[in-house]
>>> print(open('model_0.txt').read())   # compact mmCIF, C-alpha atoms and all ligand atoms
# COMPACT_ATOMS: atom_id res chain seq x y z
CA MET D 229 -0.56 -59.68 1.44
CA ALA D 230 -2.85 -61.83 3.55
CA ALA D 231 -6.47 -62.22 2.53
CA ILE D 232 -8.62 -59.54 4.12
CA SER D 233 -11.95 -60.51 5.53
CA ARG D 234 -15.08 -58.43 5.13
CA GLU D 235 -15.05 -58.15 8.90
CA ILE D 236 -11.69 -56.32 8.91
CA LEU D 237 -12.84 -53.99 6.16
CA LYS D 238 -15.99 -53.24 8.11
CA ARG D 239 -13.89 -52.35 11.13
CA ARG D 240 -11.90 -50.02 8.90
CA GLY D 241 -15.16 -48.29 8.09
CA ILE D 242 -15.57 -49.75 4.62
CA HIS D 243 -19.12 -51.00 4.46
CA ARG D 244 -19.59 -51.65 0.77
CA SER D 245 -18.68 -55.24 -0.17
CA PRO D 246 -15.08 -55.33 -1.29
CA VAL D 247 -14.37 -56.74 -4.72
CA MET D 248 -12.86 -60.15 -4.11
CA ALA D 249 -10.23 -61.45 -6.50
CA THR D 250 -8.54 -64.78 -6.55
CA ILE D 251 -4.82 -64.82 -7.13
CA GLY D 252 -3.44 -68.35 -7.20
CA THR D 253 -5.11 -70.12 -4.34
CA ARG D 254 -5.48 -66.99 -2.20
CA SER D 255 -8.52 -64.84 -2.04
CA MET D 256 -7.61 -61.14 -2.11
CA ALA D 257 -9.76 -58.17 -1.24
CA SER D 258 -9.26 -55.07 -3.31
CA TRP D 259 -8.51 -52.12 -1.03
CA PHE D 260 -10.04 -49.69 -3.41
CA GLY D 261 -12.95 -51.64 -4.80
CA HIS D 262 -15.40 -49.27 -3.14
CA VAL D 263 -13.96 -46.18 -4.86
CA GLU D 264 -16.29 -44.87 -7.55
CA PRO D 265 -14.93 -42.67 -10.37
CA ALA D 266 -15.11 -38.97 -9.50
CA ALA D 267 -17.43 -36.74 -11.47
CA LYS D 268 -15.61 -35.02 -14.34
CA ASP D 269 -14.45 -31.50 -13.54
CA PRO D 270 -16.84 -29.11 -15.32
CA ILE D 271 -13.93 -27.03 -16.68
CA LEU D 272 -10.82 -29.23 -16.93
CA GLY D 273 -13.00 -32.16 -18.08
CA VAL D 274 -13.79 -30.11 -21.20
CA THR D 275 -10.09 -30.00 -22.12
CA GLU D 276 -9.89 -33.79 -21.73
CA ALA D 277 -12.84 -34.28 -24.09
CA PHE D 278 -11.35 -31.77 -26.58
CA LEU D 279 -8.01 -33.58 -26.64
CA ALA D 280 -9.73 -36.91 -27.28
CA ASP D 281 -11.66 -35.59 -30.34
CA PRO D 282 -9.84 -36.39 -33.61
CA SER D 283 -11.85 -33.86 -35.68
CA PRO D 284 -9.70 -31.28 -37.54
CA ASP D 285 -12.47 -28.69 -37.01
CA LYS D 286 -12.44 -28.86 -33.22
CA VAL D 287 -12.35 -25.66 -31.18
CA ASN D 288 -11.62 -25.37 -27.46
CA VAL D 289 -13.24 -22.41 -25.76
CA GLY D 290 -13.52 -24.22 -22.43
CA VAL D 291 -10.70 -23.51 -20.02
CA GLY D 292 -9.60 -19.88 -19.64
CA ALA D 293 -6.18 -20.22 -21.23
CA TYR D 294 -4.97 -17.47 -23.53
CA ARG D 295 -4.19 -18.32 -27.15
CA ASP D 296 -2.66 -16.18 -29.88
CA ASP D 297 -4.56 -15.46 -33.07
CA ASN D 298 -3.33 -18.77 -34.50
CA GLY D 299 -4.85 -20.61 -31.55
CA LYS D 300 -1.43 -21.39 -30.06
CA PRO D 301 -0.46 -21.12 -26.35
CA VAL D 302 1.68 -18.06 -25.62
CA VAL D 303 4.84 -17.60 -23.58
CA LEU D 304 5.27 -13.88 -23.00
CA GLU D 305 8.49 -12.21 -24.21
CA CYS D 306 9.12 -10.85 -20.69
CA VAL D 307 8.91 -14.41 -19.36
CA ARG D 308 11.35 -15.69 -22.00
CA GLU D 309 13.79 -12.91 -21.05
CA ALA D 310 13.42 -13.64 -17.32
CA GLU D 311 14.11 -17.32 -18.04
CA ARG D 312 17.24 -16.41 -20.01
CA ARG D 313 18.44 -14.48 -16.96
CA ILE D 314 17.67 -17.37 -14.63
CA ALA D 315 19.29 -20.05 -16.79
CA GLY D 316 22.33 -21.37 -14.98
CA ASN D 317 22.62 -18.30 -12.78
CA LEU D 318 20.38 -19.00 -9.83
CA ASN D 319 20.23 -21.91 -7.48
CA MET D 320 17.15 -24.06 -7.03
CA GLU D 321 17.28 -24.40 -3.24
CA TYR D 322 14.08 -24.65 -1.20
CA LEU D 323 12.28 -21.38 -0.76
CA PRO D 324 11.25 -20.48 2.80
CA MET D 325 7.87 -21.94 3.86
CA GLY D 326 6.21 -18.63 2.99
CA GLY D 327 7.88 -18.48 -0.44
CA SER D 328 9.97 -15.83 -2.17
CA ILE D 329 10.18 -12.59 -0.21
CA LYS D 330 10.92 -10.64 -3.40
CA MET D 331 7.95 -12.14 -5.27
CA ILE D 332 5.66 -11.33 -2.34
CA GLU D 333 6.93 -7.74 -2.15
CA GLU D 334 6.24 -7.19 -5.84
CA SER D 335 2.84 -8.88 -5.65
CA LEU D 336 1.74 -6.65 -2.80
CA LYS D 337 2.69 -3.55 -4.78
CA LEU D 338 0.54 -4.79 -7.67
CA ALA D 339 -2.50 -5.45 -5.51
CA TYR D 340 -2.29 -2.73 -2.86
CA GLY D 341 -0.58 0.00 -4.92
CA GLU D 342 3.04 0.88 -5.65
CA ASP D 343 3.29 3.37 -2.76
CA SER D 344 0.88 1.78 -0.34
CA GLU D 345 1.30 2.93 3.26
CA LEU D 346 -0.02 -0.47 4.35
CA ILE D 347 3.03 -2.14 2.83
CA LYS D 348 5.38 0.38 4.52
CA GLU D 349 3.64 -0.21 7.85
CA LYS D 350 4.15 -3.98 7.34
CA ARG D 351 0.50 -4.64 8.08
CA ILE D 352 0.05 -7.27 5.37
CA ALA D 353 0.66 -10.94 6.11
CA ALA D 354 1.53 -12.55 2.78
CA VAL D 355 2.82 -15.86 1.49
CA GLN D 356 3.57 -17.23 -1.94
CA ALA D 357 0.81 -19.64 -2.91
CA LEU D 358 0.23 -22.40 -5.45
CA SER D 359 -1.33 -19.97 -7.90
CA GLY D 360 -4.82 -18.56 -7.35
CA THR D 361 -6.37 -21.90 -6.38
CA GLY D 362 -3.73 -22.50 -3.72
CA ALA D 363 -4.15 -18.97 -2.37
CA CYS D 364 -7.92 -19.44 -2.02
CA ARG D 365 -7.48 -22.84 -0.40
CA LEU D 366 -4.87 -21.61 2.07
CA PHE D 367 -7.20 -18.79 3.06
CA ALA D 368 -10.14 -21.18 3.44
CA ASP D 369 -8.04 -23.44 5.68
CA PHE D 370 -6.91 -20.42 7.69
CA GLN D 371 -10.52 -19.29 8.05
CA LYS D 372 -11.53 -22.73 9.28
CA ARG D 373 -8.69 -22.95 11.78
CA PHE D 374 -8.95 -19.50 13.32
CA LEU D 375 -12.57 -18.49 12.75
CA PRO D 376 -14.25 -21.91 12.87
CA ASP D 377 -17.73 -20.49 13.36
CA THR D 378 -17.75 -18.37 10.21
CA GLN D 379 -19.23 -19.14 6.81
CA ILE D 380 -18.34 -17.94 3.35
CA TYR D 381 -20.79 -16.10 1.09
CA ILE D 382 -20.13 -17.00 -2.55
CA PRO D 383 -21.67 -15.25 -5.59
CA ILE D 384 -24.09 -17.13 -7.83
CA PRO D 385 -22.74 -18.02 -10.25
CA THR D 386 -19.02 -18.28 -9.60
CA TRP D 387 -15.96 -20.22 -10.72
CA ALA D 388 -17.05 -23.81 -9.95
CA ASN D 389 -13.91 -24.60 -7.98
CA HIS D 390 -14.71 -21.97 -5.32
CA HIS D 391 -17.40 -24.33 -4.03
CA ASN D 392 -14.96 -27.26 -3.92
CA ILE D 393 -12.28 -25.21 -2.17
CA TRP D 394 -14.39 -24.04 0.74
CA ARG D 395 -16.16 -27.41 0.91
CA ASP D 396 -12.88 -29.28 1.29
CA ALA D 397 -11.75 -26.75 3.89
CA CYS D 398 -15.00 -27.58 5.77
CA VAL D 399 -16.21 -23.96 5.80
CA PRO D 400 -20.01 -23.79 5.46
CA GLN D 401 -21.14 -21.96 2.33
CA ARG D 402 -23.90 -19.46 1.75
CA THR D 403 -24.60 -17.72 -1.53
CA PHE D 404 -25.43 -14.20 -2.61
CA ARG D 405 -27.18 -13.11 -5.78
CA TYR D 406 -24.97 -11.52 -8.40
CA TYR D 407 -26.10 -12.05 -11.98
CA HIS D 408 -29.37 -11.21 -13.68
CA PRO D 409 -30.03 -13.71 -16.51
CA GLU D 410 -32.62 -11.52 -18.27
CA THR D 411 -30.43 -8.44 -18.56
CA ARG D 412 -27.24 -10.50 -18.73
CA GLY D 413 -25.86 -7.93 -16.30
CA LEU D 414 -25.33 -7.38 -12.59
CA ASP D 415 -28.26 -7.94 -10.25
CA PHE D 416 -27.05 -5.09 -8.07
CA ALA D 417 -30.21 -4.60 -6.04
CA SER D 418 -30.42 -8.29 -5.05
CA MET D 419 -26.70 -8.40 -4.33
CA MET D 420 -27.02 -5.42 -1.98
CA ASP D 421 -30.04 -7.02 -0.28
CA ASP D 422 -28.09 -10.20 0.33
CA ILE D 423 -25.15 -8.23 1.73
CA LYS D 424 -27.52 -6.36 4.05
CA ASN D 425 -29.35 -9.50 5.13
CA ALA D 426 -26.24 -11.56 5.91
CA PRO D 427 -25.41 -11.68 9.63
CA ASN D 428 -22.99 -8.93 10.70
CA GLY D 429 -19.36 -9.93 10.34
CA SER D 430 -19.86 -12.42 7.48
CA PHE D 431 -17.10 -13.48 5.10
CA PHE D 432 -17.71 -12.72 1.42
CA LEU D 433 -15.86 -13.96 -1.62
CA LEU D 434 -15.62 -11.20 -4.24
CA HIS D 435 -14.08 -11.38 -7.70
CA ALA D 436 -11.78 -8.35 -7.85
CA CYS D 437 -12.28 -7.95 -11.62
CA ALA D 438 -13.32 -9.89 -14.73
CA HIS D 439 -15.88 -12.00 -12.88
CA ASN D 440 -15.76 -15.66 -13.87
CA PRO D 441 -17.96 -16.93 -15.51
CA THR D 442 -20.19 -13.90 -16.19
CA GLY D 443 -17.75 -11.24 -17.40
CA VAL D 444 -19.91 -8.81 -15.41
CA ASP D 445 -18.27 -6.50 -12.86
CA PRO D 446 -19.81 -3.82 -10.64
CA SER D 447 -19.06 -0.25 -11.78
CA GLU D 448 -16.75 1.92 -9.67
CA GLU D 449 -19.76 3.64 -8.16
CA GLN D 450 -21.35 0.29 -7.30
CA TRP D 451 -18.11 -0.93 -5.70
CA ARG D 452 -18.18 2.17 -3.51
CA GLU D 453 -21.70 1.32 -2.38
CA ILE D 454 -20.73 -2.30 -1.75
CA SER D 455 -17.73 -1.20 0.28
CA TYR D 456 -19.90 1.20 2.28
CA GLN D 457 -22.39 -1.55 3.07
CA PHE D 458 -19.58 -3.92 4.07
CA LYS D 459 -18.47 -1.24 6.55
CA VAL D 460 -21.97 -0.91 7.96
CA LYS D 461 -22.25 -4.68 8.34
CA ASN D 462 -18.64 -5.26 9.38
CA HIS D 463 -18.28 -7.96 6.72
CA PHE D 464 -14.90 -9.34 5.70
CA PRO D 465 -14.13 -9.14 1.95
CA PHE D 466 -11.93 -11.82 0.44
CA PHE D 467 -10.91 -10.86 -3.09
CA ASP D 468 -10.05 -13.47 -5.65
CA MET D 469 -7.98 -11.57 -8.21
CA ALA D 470 -7.21 -14.18 -10.84
CA TYR D 471 -7.41 -11.80 -13.82
CA GLN D 472 -5.60 -8.59 -12.85
CA GLY D 473 -4.88 -6.87 -16.17
CA PHE D 474 -7.26 -9.01 -18.19
CA ALA D 475 -10.32 -6.81 -17.70
CA SER D 476 -9.07 -3.38 -18.82
CA GLY D 477 -5.58 -4.26 -20.00
CA ASP D 478 -4.14 -2.27 -17.07
CA PRO D 479 -3.37 -4.14 -13.81
CA ASN D 480 -3.59 -0.94 -11.78
CA ARG D 481 -7.06 -0.14 -13.06
CA ASP D 482 -8.20 -3.71 -12.49
CA ALA D 483 -7.25 -3.40 -8.80
CA LYS D 484 -9.71 -0.52 -8.40
CA ALA D 485 -12.25 -2.50 -6.34
CA ILE D 486 -9.56 -3.49 -3.85
CA ARG D 487 -8.24 0.08 -3.66
CA ILE D 488 -11.75 1.37 -2.91
CA PHE D 489 -12.08 -1.07 -0.01
CA LEU D 490 -8.63 -0.05 1.24
CA GLU D 491 -9.52 3.66 1.08
CA ASP D 492 -12.56 2.86 3.19
CA GLY D 493 -10.36 1.27 5.83
CA HIS D 494 -11.39 -2.37 5.45
CA LEU D 495 -9.22 -5.27 6.44
CA ILE D 496 -9.18 -7.57 3.43
CA GLY D 497 -7.86 -10.86 2.12
CA CYS D 498 -6.58 -11.28 -1.42
CA ALA D 499 -5.67 -14.19 -3.69
CA GLN D 500 -3.43 -13.29 -6.62
CA SER D 501 -2.52 -15.47 -9.57
CA TYR D 502 0.09 -15.08 -12.31
CA ALA D 503 -1.49 -17.86 -14.38
CA LYS D 504 -3.36 -15.61 -16.75
CA ASN D 505 -1.69 -12.20 -16.64
CA MET D 506 1.85 -13.61 -17.03
CA GLY D 507 0.80 -16.78 -18.81
CA LEU D 508 2.44 -18.84 -16.05
CA TYR D 509 -0.46 -21.32 -15.84
CA GLY D 510 1.53 -24.47 -15.13
CA GLN D 511 4.14 -22.78 -12.93
CA ARG D 512 1.58 -22.43 -10.14
CA VAL D 513 2.67 -19.06 -8.83
CA GLY D 514 0.48 -16.72 -6.83
CA CYS D 515 0.21 -14.89 -3.55
CA LEU D 516 -2.16 -14.89 -0.58
CA SER D 517 -2.28 -11.73 1.51
CA ILE D 518 -4.26 -10.75 4.58
CA LEU D 519 -4.33 -7.15 5.73
CA CYS D 520 -4.07 -6.95 9.53
CA ASP D 521 -4.51 -4.28 12.19
CA ASP D 522 -0.77 -3.89 12.76
CA GLU D 523 2.64 -5.40 12.14
CA LEU D 524 2.50 -7.65 15.20
CA GLN D 525 -0.73 -9.24 14.01
CA ALA D 526 0.65 -9.59 10.48
CA VAL D 527 3.72 -11.46 11.78
CA ALA D 528 1.48 -13.86 13.71
CA VAL D 529 -0.88 -14.43 10.78
CA LYS D 530 1.99 -15.03 8.35
CA SER D 531 3.56 -17.57 10.71
CA GLN D 532 0.24 -19.44 10.88
CA LEU D 533 -0.17 -19.42 7.10
CA GLN D 534 3.30 -20.93 6.85
CA GLN D 535 2.36 -23.55 9.37
CA LEU D 536 -0.68 -24.47 7.27
CA ALA D 537 1.55 -24.81 4.20
CA ARG D 538 4.28 -26.91 5.84
CA PRO D 539 2.41 -30.23 6.18
CA MET D 540 0.66 -29.80 2.81
CA TYR D 541 3.50 -28.96 0.42
CA SER D 542 6.24 -27.66 2.74
CA ASN D 543 7.25 -24.73 0.57
CA PRO D 544 6.15 -23.44 -2.84
CA PRO D 545 7.94 -23.98 -6.18
CA VAL D 546 10.84 -21.72 -7.01
CA HIS D 547 10.91 -21.28 -10.79
CA GLY D 548 7.74 -19.26 -11.30
CA ALA D 549 8.59 -17.11 -8.30
CA LEU D 550 11.95 -16.25 -9.85
CA VAL D 551 10.30 -15.38 -13.16
CA VAL D 552 7.77 -13.08 -11.47
CA SER D 553 10.38 -11.37 -9.25
CA ILE D 554 12.70 -10.72 -12.17
CA ILE D 555 9.95 -9.27 -14.36
CA LEU D 556 8.34 -7.08 -11.72
CA GLY D 557 11.68 -6.04 -10.20
CA ASP D 558 13.15 -4.73 -13.46
CA PRO D 559 11.53 -1.55 -14.79
CA GLU D 560 12.23 -2.45 -18.42
CA LEU D 561 10.83 -5.96 -18.14
CA LYS D 562 7.89 -4.69 -16.16
CA SER D 563 6.95 -2.23 -18.87
CA LEU D 564 7.33 -4.98 -21.48
CA TRP D 565 4.97 -7.10 -19.34
CA LEU D 566 2.42 -4.28 -19.11
CA LYS D 567 2.52 -3.94 -22.88
CA GLU D 568 2.03 -7.66 -23.33
CA VAL D 569 -0.90 -7.85 -20.85
CA LYS D 570 -2.56 -5.01 -22.72
CA GLY D 571 -1.96 -6.87 -25.97
CA MET D 572 -3.73 -9.97 -24.64
CA ALA D 573 -6.67 -7.99 -23.25
CA ASP D 574 -7.01 -6.06 -26.53
CA ARG D 575 -6.98 -9.21 -28.64
CA ILE D 576 -9.79 -10.61 -26.51
CA ILE D 577 -11.80 -7.39 -26.85
CA GLY D 578 -11.28 -7.60 -30.63
CA MET D 579 -12.58 -11.18 -30.64
CA ARG D 580 -15.68 -10.11 -28.72
CA LYS D 581 -16.43 -7.67 -31.54
CA ALA D 582 -15.70 -10.28 -34.21
CA LEU D 583 -17.97 -12.92 -32.65
CA ARG D 584 -20.83 -10.48 -32.17
CA GLU D 585 -20.51 -9.04 -35.69
CA ASN D 586 -20.45 -12.52 -37.19
CA LEU D 587 -23.62 -13.50 -35.32
CA GLU D 588 -25.37 -10.31 -36.38
CA LYS D 589 -24.30 -10.79 -40.01
CA LEU D 590 -25.86 -14.25 -39.97
CA GLY D 591 -29.15 -12.57 -39.07
CA SER D 592 -29.44 -14.04 -35.60
CA PRO D 593 -32.79 -13.06 -34.12
CA LEU D 594 -31.22 -12.83 -30.65
CA SER D 595 -29.37 -9.93 -29.09
CA TRP D 596 -25.63 -10.54 -28.71
CA GLU D 597 -24.82 -7.16 -27.22
CA HIS D 598 -23.67 -8.80 -24.00
CA ILE D 599 -20.69 -10.35 -25.81
CA THR D 600 -19.12 -6.90 -26.10
CA ASN D 601 -20.53 -5.53 -22.82
CA GLN D 602 -18.98 -8.27 -20.71
CA ILE D 603 -15.29 -8.06 -19.89
CA GLY D 604 -12.32 -10.26 -19.08
CA MET D 605 -11.66 -13.70 -20.37
CA PHE D 606 -15.19 -15.03 -20.62
CA CYS D 607 -18.48 -14.44 -22.34
CA TYR D 608 -21.46 -15.82 -20.45
CA SER D 609 -23.45 -16.46 -23.58
CA GLY D 610 -26.82 -17.45 -22.15
CA MET D 611 -26.79 -20.71 -24.11
CA THR D 612 -28.43 -23.68 -22.37
CA PRO D 613 -26.60 -26.92 -21.51
CA GLU D 614 -28.54 -28.64 -24.33
CA GLN D 615 -27.42 -26.02 -26.84
CA VAL D 616 -23.83 -26.44 -25.65
CA ASP D 617 -24.16 -30.21 -26.08
CA ARG D 618 -25.24 -29.67 -29.67
CA LEU D 619 -22.24 -27.39 -30.28
CA THR D 620 -19.99 -30.18 -29.08
CA ASP D 621 -21.76 -33.10 -30.76
CA GLU D 622 -22.45 -31.47 -34.12
CA PHE D 623 -19.65 -28.89 -34.43
CA HIS D 624 -16.80 -30.18 -32.22
CA ILE D 625 -16.89 -26.97 -30.19
CA TYR D 626 -15.88 -27.55 -26.58
CA MET D 627 -17.03 -25.27 -23.76
CA THR D 628 -18.48 -25.53 -20.27
CA ARG D 629 -22.15 -26.52 -20.08
CA ASN D 630 -23.08 -23.28 -18.29
CA GLY D 631 -22.75 -21.51 -21.64
CA ARG D 632 -19.42 -19.86 -20.85
CA ILE D 633 -17.20 -19.15 -23.85
CA SER D 634 -13.51 -18.57 -23.18
CA MET D 635 -12.93 -15.58 -25.46
CA ALA D 636 -9.20 -16.23 -25.11
CA GLY D 637 -9.66 -19.26 -27.36
CA VAL D 638 -11.46 -17.32 -30.12
CA THR D 639 -9.34 -16.35 -33.13
CA THR D 640 -9.80 -14.52 -36.43
CA GLY D 641 -9.71 -17.98 -37.99
CA ASN D 642 -12.43 -19.62 -35.89
CA ALA D 643 -14.76 -16.69 -35.00
CA GLY D 644 -16.85 -17.25 -38.16
CA TYR D 645 -17.13 -21.02 -37.60
CA LEU D 646 -18.05 -20.45 -33.96
CA ALA D 647 -20.68 -17.81 -34.81
CA ASN D 648 -22.22 -20.04 -37.45
CA ALA D 649 -22.50 -22.97 -35.03
CA ILE D 650 -23.91 -20.76 -32.24
CA HIS D 651 -26.44 -19.38 -34.71
CA GLU D 652 -27.48 -22.88 -35.77
CA VAL D 653 -28.17 -24.05 -32.20
CA THR D 654 -29.82 -20.82 -30.98
CA LYS D 655 -31.82 -19.51 -33.96
CA SER D 656 -35.03 -21.28 -33.02
CA SER D 657 -34.88 -20.41 -29.29
N1 LIG X 1 -10.02 -17.91 -9.42
C1 LIG X 1 -10.77 -17.77 -10.52
C2 LIG X 1 -11.94 -16.86 -10.48
C3 LIG X 1 -10.45 -18.48 -11.69
O1 LIG X 1 -11.21 -18.33 -12.76
C4 LIG X 1 -9.34 -19.33 -11.70
C5 LIG X 1 -8.96 -20.13 -12.92
C6 LIG X 1 -8.58 -19.42 -10.53
C7 LIG X 1 -8.95 -18.70 -9.40
C8 LIG X 1 -7.40 -20.29 -10.37
O2 LIG X 1 -6.39 -20.13 -11.25
P1 LIG X 1 -4.93 -20.65 -10.96
O3 LIG X 1 -4.98 -21.56 -9.79
O4 LIG X 1 -4.52 -21.33 -12.18
O5 LIG X 1 -4.15 -19.41 -10.66
N2 LIG X 1 -10.00 -20.50 -13.79
C9 LIG X 1 -9.74 -21.17 -15.07
C10 LIG X 1 -8.99 -22.47 -14.91
C11 LIG X 1 -8.90 -20.27 -15.96
C12 LIG X 1 -9.52 -23.45 -13.91
O6 LIG X 1 -10.73 -23.70 -13.86
O7 LIG X 1 -8.69 -23.95 -13.17
C13 LIG X 1 -11.11 -21.38 -15.74
O8 LIG X 1 -11.14 -21.84 -16.88
O9 LIG X 1 -12.14 -21.04 -15.12
>>> encode(input="model_0.txt", output="structure tokens")
Amino acid sequence: MAAISREILKRRGIHRSPVMATIGTRSMASWFGHVEPAAKDPILGVTEAFLADPSPDKVNVGVGAYRDDNGKPVVLECVREAERRIAGNLNMEYLPMGGSIKMIEESLKLAYGEDSELIKEKRIAAVQALSGTGACRLFADFQKRFLPDTQIYIPIPTWANHHNIWRDACVPQRTFRYYHPETRGLDFASMMDDIKNAPNGSFFLLHACAHNPTGVDPSEEQWREISYQFKVKNHFPFFDMAYQGFASGDPNRDAKAIRIFLEDGHLIGCAQSYAKNMGLYGQRVGCLSILCDDELQAVAVKSQLQQLARPMYSNPPVHGALVVSIILGDPELKSLWLKEVKGMADRIIGMRKALRENLEKLGSPLSWEHITNQIGMFCYSGMTPEQVDRLTDEFHIYMTRNGRISMAGVTTGNAGYLANAIHEVTKSS
């Protein structure tokens, strides 16, 4: 490669001095000398730090990944059986750009209801997506391309990656109030004010259930009021449903918010993920759906979603889609799945009780009621970033600095250790 002058780099828009290296007699410019290391991801960076810690006592309650009571990752029995059926029997050809038709059909039944008229009327444009993240991103890109003047209202707080997703899709972000730190519950009045004060026809990101990171969901009655206000304001609700089944243990019950909006005649968008509820984290399987006015519109929207996917990843991966279609398409496997989802949700609920009881037994002067009031995978503990740092530095406990504890990583074996450490760093606050 010929030596590159600063002048050329400047013309390429690189204004920081390139790092010059001398190889032999030639002077070389480093193409990437101006690239600074990216900030660590606030969630996945925790796993990296955990893995690097040699301590035998270490505990990872950072990322929301389910563990059994021995702290081991779980592959569901229904998934193992689906994989046995796949092995050697199915081809691994490309899926269509929009993904597996069968997987999409089954996903829509889960989100919109087994006998949904909307499915029969073919009013839902849906594509297989790269899990929940990919579904959100595809929607954000779609929003930018076809409604370039809109913004997205995001709850405070939310899953950190929501901000990155809409930022990278170049959709301007606004926020709405959601959580009340003093009560550790929903700030319903402020949320409703923000919904009312947003310009008519705004886009809102809503967590369908098991809100991440707070574990605080609106009640059914509150969802009805939210839906009503969305109607009045003609807002568009986009539901991120990353934890269907993880809140109550019943996927149908966890879709209640969506069903309320559907009953009220809203057009909605929905991101589904099988990462948590089928334990298919690394398979990257999910679904993006957009409810349209009629079949014609749905066909057009689906074709555009496919066109967004084509230059990014062409078509989605096949293995996870086969697993999901086999499980949801076979009544026996589906009921095994439902049993296993309930099992995971129940274990988490049990760990909430264990952690709270342990803290109370230690005589903690603080109230830990919210641990058992909150639902889903996370407990938003109320601990400060400094307290979390102490947990990590002194006790080898890894979690996000916003005080979120992944209850899925708590076990009978570590609940006592965790409670003791939390007590130590919070007792004087
Ligand atoms: N939406 C929400 C609200 C999430 O919490 C997550 C995952 C996703 C979407 C995306 O999941 P998927 O792409 O794997 O389907 N949140 C995790 C992991 C579990 C992560 O940050 O990626 C979390 O620990 O918050």
>>> closest_atom_pairs(input="model_0.txt", of="chain D", to="ligand LIG 1 (chain X)", cutoff="6 Å", atoms="all atoms listed in the file", output="CSV")
residue,atom,partner,partner_atom,distance
D:Ile271,CA,X:LIG1,O6,5.4
D:Val291,CA,X:LIG1,O8,3.6
D:Gly292,CA,X:LIG1,O8,3.7
D:Ala293,CA,X:LIG1,C11,5.9
D:Ser359,CA,X:LIG1,O5,4.0
D:Gly360,CA,X:LIG1,O5,3.5
D:Thr361,CA,X:LIG1,O3,3.7
D:Trp387,CA,X:LIG1,C2,5.2
D:Asn440,CA,X:LIG1,C2,5.2
D:Asp468,CA,X:LIG1,N1,5.8
D:Ala470,CA,X:LIG1,N1,4.9
D:Ser501,CA,X:LIG1,O5,4.4
D:Ala503,CA,X:LIG1,O5,4.8
D:Tyr509,CA,X:LIG1,O4,5.5
>>> axis_aligned_box(input="model_0.txt", around="region 612-617 of chain D", padding_each_side="8 Å", output="JSON")
{"center_x": -26.2, "center_y": -26.9, "center_z": -24.2, "size_x": 20.7, "size_y": 22.5, "size_z": 21.3}
>>> closest_residue(input="model_0.txt", among="D:Pro409, D:Gly326, D:Pro270, D:Gly477", to="Thr442 (chain D)", atoms="all atoms listed in the file")
D:Pro409
>>> residues_around(input="model_0.txt", residues="region 389-406 of chain D", least_positions_apart="2", cutoff="6 Å", atoms="all atoms listed in the file", output="VMD selection string")
chain D and resid 365 368 to 369 372 379 to 384 387 414 to 415 418 to 419 422
>>> write_last_selection(input="model_0.txt", atoms="C-alpha atoms", output="tab-separated table (two decimals), in the coordinates of the input")
chain	number	residue	atom	x	y	z
D	365	ARG	CA	-7.48	-22.84	-0.40
D	368	ALA	CA	-10.14	-21.18	3.44
D	369	ASP	CA	-8.04	-23.44	5.68
D	372	LYS	CA	-11.53	-22.73	9.28
D	379	GLN	CA	-19.23	-19.14	6.81
D	380	ILE	CA	-18.34	-17.94	3.35
D	381	TYR	CA	-20.79	-16.10	1.09
D	382	ILE	CA	-20.13	-17.00	-2.55
D	383	PRO	CA	-21.67	-15.25	-5.59
D	384	ILE	CA	-24.09	-17.13	-7.83
D	387	TRP	CA	-15.96	-20.22	-10.72
D	414	LEU	CA	-25.33	-7.38	-12.59
D	415	ASP	CA	-28.26	-7.94	-10.25
D	418	SER	CA	-30.42	-8.29	-5.05
D	419	MET	CA	-26.70	-8.40	-4.33
D	422	ASP	CA	-28.09	-10.20	0.33
>>> closest_atom_pairs(input="model_0.txt", of="region 263-356 of chain D", to="region 615-629 of chain D", cutoff="7 Å", atoms="all atoms listed in the file", output="Markdown table")
| residue | atom | partner | partner_atom | distance |
| --- | --- | --- | --- | --- |
| D:Pro270 | CA | D:Thr628 | CA | 6.3 |
| D:Ile271 | CA | D:Thr628 | CA | 6.0 |
| D:Val274 | CA | D:Tyr626 | CA | 6.3 |
| D:Phe278 | CA | D:Tyr626 | CA | 6.2 |
| D:Asp285 | CA | D:His624 | CA | 6.6 |
| D:Lys286 | CA | D:His624 | CA | 4.7 |
| D:Val287 | CA | D:Ile625 | CA | 4.8 |
| D:Asn288 | CA | D:Tyr626 | CA | 4.9 |
| D:Val289 | CA | D:Met627 | CA | 5.2 |
| D:Gly290 | CA | D:Met627 | CA | 3.9 |
>>> closest_residue(input="model_0.txt", among="D:Gln450, D:Asn543, D:Ser563, D:Gln500", to="Glu305 (chain D)", atoms="only C-alpha atoms")
D:Ser563
>>> atom_distance(input="model_0.txt", atom1="CA of Val546 (chain D)", atom2="CA of Gly510 (chain D)")
12.7 Å
>>> residues_around(input="model_0.txt", residues="Tyr456 (chain D)", least_positions_apart="3", cutoff="12 Å", atoms="all atoms listed in the file", output="list in words")
Met420, Ile423, Lys424, Glu449, Gln450, Trp451, Arg452, Glu453, Lys459, Val460, Lys461, Asn462, His463, Pro465, Ile488, Phe489, Leu490, Glu491, Asp492, Gly493 and His494 of chain D
>>> residues_around(input="model_0.txt", residues="Phe606 (chain D)", least_positions_apart="4", cutoff="7 Å", atoms="only C-alpha atoms", output="tab-separated table (two decimals) with C-alpha atoms, keeping the file's coordinate frame")
chain	number	residue	atom	x	y	z
D	440	ASN	CA	-15.76	-15.66	-13.87
D	441	PRO	CA	-17.96	-16.93	-15.51
D	442	THR	CA	-20.19	-13.90	-16.19
D	443	GLY	CA	-17.75	-11.24	-17.40
D	632	ARG	CA	-19.42	-19.86	-20.85
D	633	ILE	CA	-17.20	-19.15	-23.85
D	634	SER	CA	-13.51	-18.57	-23.18
D	635	MET	CA	-12.93	-15.58	-25.46
